[in-house]
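Some notes on the structure that comes next.
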Amino acid sequence: MNILLLALRRLAASLPTLLIILAGLFLLLQLAPGDTVDALMAQIGGGDPATAKELRHYYGLDISALSQLARYFLRLIEFDLGQSAIYGKPVASVIAERLPVTLLLMSTSLCLAFAGGTALGILAARNIDRWPDTLISTVGLIFYSTPSFWFGLMGIVLFAITFGWLPAGGFEEVGSGLTGLARVIDIAHHLVLPVVTLALIFLATYLRIMRASMLEVRGLDFVRTARAKGLGETAIVIRHALRNALLPMVTLVGLQAGTMLGGSVVVESVFALPGLGRLAYESVVQRDLNTLLGIVFVSALLVIAVNFIVDLVYGQLDPRIAAGR
Amino acid sequence: MSALLEIDDLHVRLPRGADREEALAGVTLSLVPGEILCVVGESGSGKSMLANAIMRLLPAGVEATRGRISLGGRDLLRMSEAEMRRVRGAAIGMIFQEPMTALNPLRRAGDQVAEMFRVHTDFSTRQIRERVLALFAEVRLPDPEAALQAYAHELSGGQRQRVMIAMALALQPAILIADEPTTALDVTTQARILDLIRDIQRRRGMAILFITHDFGVVAEIADRVVVMRAGELVEEGAADRVLNQPQAPYTRALIAAVPPLLPRPPRQAGGAPILSLVGVSKTYRSGGLFSRRLRRVTHAVREVSLDLPKGTTLGIVGESGSGKSTLARCIVRLLDPDGGNILLGDTDLAALSRRAMRRQSRRVQMVFQDPFASLNPRRRAGELVAQGPMLHGMKRDAALAKARDLFALVGLDPSAVDRFPHEFSGGQRQRIGLARALALEPDVLIADEPVSALDVSVQAQVLALLDELRDRLGLSMLFITHDLRVAAKVCDRIAVMKDGALIEVGATADVFRAPQHDYTRALLDAVPGRDWSRRRESAILSAIPAAIPAG
């Protein structure tokens with residue numbers, strides 16, 4: 001089956017969810033006292049009610065909540081996310097500026113967590129109940145149970161302040177005018193700490209799942225068959241156990257896509273990264289409804305996309321599940 | 001002839017806390033070229049441990065402590081792991097019980113067989129491909145080219161086992177170890193696989209160590225037999241001698257427990273039917289919300305009509321996928337049938353609402369196949385039995401007292417009501433399941449493969465109990481089984497199912513003597529050890545007049 005068609009079908013199937021999320025968030029924000037205009041007025045140091053009324057009319061806030069919601073959905077059909085009240089630009093372009101940072105942070109962290117978790121999980125499973133297993137499991141537990149912002153702060157204290165090896169925050173050196181490879185290296189340099197911080201917690205989860213999954217697969221009949229064929233332990237792990245053990249890991253990636261987006265809010269705040277997470281935080285504080293809804297919409301699309309890719313990968317890994325079904 | 005493989009005083013120790021100290025306590029046997037040696041025993045006899053000990057594939061914590069396993073003058077127990085890897089697959093091939101799980105589900109069948117050559121030889125890719133194709137042809141896979149590319153789930157159970165056999169044969173090992181290779185297969189498939197193993201063994205002159213619990217299979221295939229019990233050899237000898245003149249009391253008891261292929265004398269089938277099925281159907285539909293053309297329809301049960309006369313037992317016989325269990329589930333409304341009537345007396349169970357069915361549920365009760373999975377491990381056995389009557393309004397004390405009586409009825413110690421299911425053996429658990437079903441005093445008892453998970457001696461006891469209870473309580477029973485021997489022993493009438501449809505119904509003796517349908521005939525022909533059984537039966541029959549005292 002055509003992948004594009006499959007993707008469209010999947011998107012169509014998730015439309016109701018998307019609408020419910022947006023409507024729910026919209027109504028939830030109506031419950032909170034104050035609106036964009038209140039936040040704006042507070043910023044410019046107050047003003048007279050006439051100005052406030054004019055602003056409300058300008059932003060379309062003077063009609064009922066349901067009409068506002070209906071208007072929002074009507075615009076959404078034309079892929080128009082509306083204007084950001086705070087930034088004075090279309091929401092789409094505000095998000096487009098911030099999205100690459102978050103995507104980069106998330107994808108590198110995910111790769112690191114997945115690769116590290118897989119490797120350590122295999123190592124722990126192969127040495128079960130011996131010291132490498134105990135060490136890996138203990139360290140994993142520490143990563144898992146420590147809050148991510150604390151890791152971030154300790155990382156800054158140690159590597160940015162004490163040793164001065166890495167920058168304490170930001171996405172790149174502002175105003176350095178670097179281009180090409182030099183800029184890439186600069187960004188990479190800035191992202192080491194945030195990526196490791198975000199990856200560590202997820203790495204611990206992947207490590208535990210991989211260890212359990214390897215141990216389970218190792219006891220299965222076809223591994224015994226492989227032994228009876230005269231395969232060595234390493235060959236058994238690579239040719240037979242690994243691919244089977246990876247199946248739950250891939251499922252986990254899909255499940256964690258949303259969680260990772262949440263985790264990046266904290267990490268972006270700690271490291272002052274201009275990403276989607278921080279944008280979400282700021283728009284909540286400033287009651288920038290359109291931006292917030294836009295972010296939710298884009299994040300939901302992102303999670304749907306990740307899950308779609310995960311399903312495709314799953315279909316590739318496991319012939320019993322044809323992705324085209 | 002000099003022995004290929006010699007096992008001398010082999011001891012294998014179990015980890016602490018196991019039910020006995022040694023899995024194998026001094027086993028001595030030898031395998032000569034060109035013979036099929038059957039190792040027979042019930043579960044826990046150590047027969048699989050013996051196979052795994054030879055391959056040095058014992059589970060963690062279990063180890064060989066004493067003895068020798070010599071292959072061509074070299075002791076396998078004292079080889080290094082690297083040397084042992086060269087023996088596995090190359091000198092000794094092995095096939096296992098579960099062909100579904102014994103193959104890697106994510107790799108193609110051809111690739112898995114080719115791995116044998118990649119590990120042990122340095123053939124080129126083309127040579128390997130040719131060899132695998134030749135092997136697939138030798139094990140009579142219908143389309144060797146397609147099988148190369150197939151994944152395990154795309155093959156049937158019999159085809160998977162053929163792939164496993166091809167894999168074990170790849171490097172022309174002198175010895176093949178087959179650990180219950182046909183136990184998970186349907187009876188007709190089993191007959192074909194046994195035929196294949198026998199044929200290949202003759203052609204290649206291999207020695208086969210064949211592990212099984214089934215004396216029928218032994219009669220089909222063995223040249224020589226070893227009987228094991230609790231890690232020790234009880235008896236050893238030529239197949240013909242052990243099967244027909246067993247010496248050891250244990251062997252005699254085991255063989256006596258094998259149900260003969262002799263239909264039981266039917267009880268009078270008088271009386272109105274207590275349960276009537278009229279055109280019962282169950283269809284499964286699968287498919288997505290958006291893709292109408294991918295929708296699949298499976299007819300699990302098609303238009304089955306049957307009568308169960310009061311006080312008799314009707315057997316429903318068929319292979320896996322024939323729809324016999326689905327039919328049973330429809331009758332107790334664990335599944336909702338799509339069409340037809342299920343008349344219990346005057347009530348149409350199929351037409352009842354769920355709530356009304358719950359009130360009627362005491363009239364039809366079911367005994368399930370797996371005595372390990374069908375009892376809640378967190379509840380006491382007595383409570384499990386008392387639960388049904390309590391749900392239908394009996395006081396707790398009365399229900400528990402009734403549970404004690406039922407325990408006595410099914411041959412369990414009444415004081416065992418306070419124990420948990422894991423403290424009982426498989427046969428005892430099945431008795432609990434029976435007591436649970438009887439607690440509601442049902443009009444009809446439905447038994448879904450109640451003895452197929454049990455060892456043959458325990459199976460004989462449970463079948464005897466069912467027989468006795470039916471006579472004492474006048475039970476009407478629907479007995480579902482894949483095993484024609486069991487069906488012959490307990491059923492007054494037999495219904496044969498295939499692909500969801502009923503193809504033949506008749507008195508057990510008639511169906512056995514003169515099957516009407518080709519499929520029924522094929523089923524009967526496939527029963528392992530039927531020739532042996534026939535000889536045994538004629539011996540029994542001729543012995544009966546002699547046993548009656550003269551005068």
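Chain labels follow the order of the structure tokens: the first chain is A, the next B, and so on; residue numbering restarts at 1 in every chain, and ligands are counted from 1 in their shown order.
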Pull the closest atom pair for each residue of chain B that gets at most 6 Å from chain A, along with the distance in Å to one decimal, counting only C-alpha atoms, ordering rows by chain and then ascending residue number, as a Markdown table.
| residue | atom | partner | partner_atom | distance |
| --- | --- | --- | --- | --- |
| B:Arg85 | CA | A:Gly230 | CA | 4.3 |
| B:Arg88 | CA | A:Gly230 | CA | 4.7 |
| B:Gly89 | CA | A:Lys229 | CA | 4.3 |
| B:Thr101 | CA | A:Asp221 | CA | 5.5 |
| B:Ala102 | CA | A:Phe222 | CA | 4.2 |
| B:Leu103 | CA | A:Phe222 | CA | 5.0 |
| B:Asn104 | CA | A:Phe222 | CA | 5.3 |
| B:Leu106 | CA | A:Asp318 | CA | 5.7 |
Enumerate, as a PyMOL selection string, the complete set of residues in region 342-446 of chain B that a backbone-based DSSP assignment places in alpha helix (DSSP H).
chain B and resi 354-360+381-391+396-409+426-438
Would you list the contacts of Asn307 (chain A) as a ChimeraX atom specification, taking every protein, DNA or RNA residue within 9 Å and counting only C-alpha atoms, but skipping same-chain residues closer than 5 positions in sequence?
/A:251,253-255,257,302,312
Using only C-alpha atoms, determine which residues lie at most 6 Å from region 34-40 of chain A, disregarding the query and same-chain residues fewer than 5 positions distant; provide the list as a ChimeraX atom specification.
/A:286-288
Calculate how many Å separate CA of Thr65 (chain B) from CA of Pro33 (chain B), rounding to one decimal.
27.3 Å
Give me the residues near region 96-113 of chain A as an MDAnalysis selection string, where near means some atom within 7 Å (using only C-alpha atoms) and where sequence neighbours in that chain fewer than 3 positions away do not count.
chainID A and resid 92:93 116:117 195:196 198:200 202:203 206 260 274:276
Neighbour list for Leu141 (chain B) as a compact mmCIF listing (two decimals) with C-alpha atoms, in the first residue's frame, cut-off 7 Å, only C-alpha atoms, skip fewer than 5 positions in-chain:
# COMPACT_ATOMS: atom_id res chain seq x y z
CA PHE B 136 13.44 -28.47 1.49
CA GLN B 159 5.51 -27.16 7.34
CA ARG B 162 9.58 -29.79 8.13
Env of Ala373 (chain B): 12 Å cut, atoms = only C-alpha atoms, seq-sep filter 4 positions within chain, self excluded. Answer as a VMD selection string.
chain B and resid 368 to 369 377 to 378 421 to 422 426 429 to 430 433 453
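Pairwise distance (CA of Ala85 (chain A), CA of Gly263 (chain A)) equals 26.2 Å.
Nearest residue to Ser325 (chain B) among B:Leu194, B:Glu145, B:Gly271, B:Ala300 is B:Ala300, counting only C-alpha atoms.
Of the listed residues (A:Leu301, A:Ile86, A:Ile21, A:Ala70), A:Ile86 comes nearest to Val284 (chain A); the distances count only C-alpha atoms.
The smallest atom-to-atom distance between Ala488 (chain B) and any of B:Ser276, B:Thr508, B:Ser43, B:Asn341, using only C-alpha atoms, is found for B:Thr508.
The smallest atom-to-atom distance between Glu236 (chain B) and any of B:Asp448, B:Leu463, B:Thr313, B:Leu37, using only C-alpha atoms, is found for B:Leu37.
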One-decimal distance in Å that lies between CA of Gln68 (chain A) and CA of Leu81 (chain A)
13.1 Å
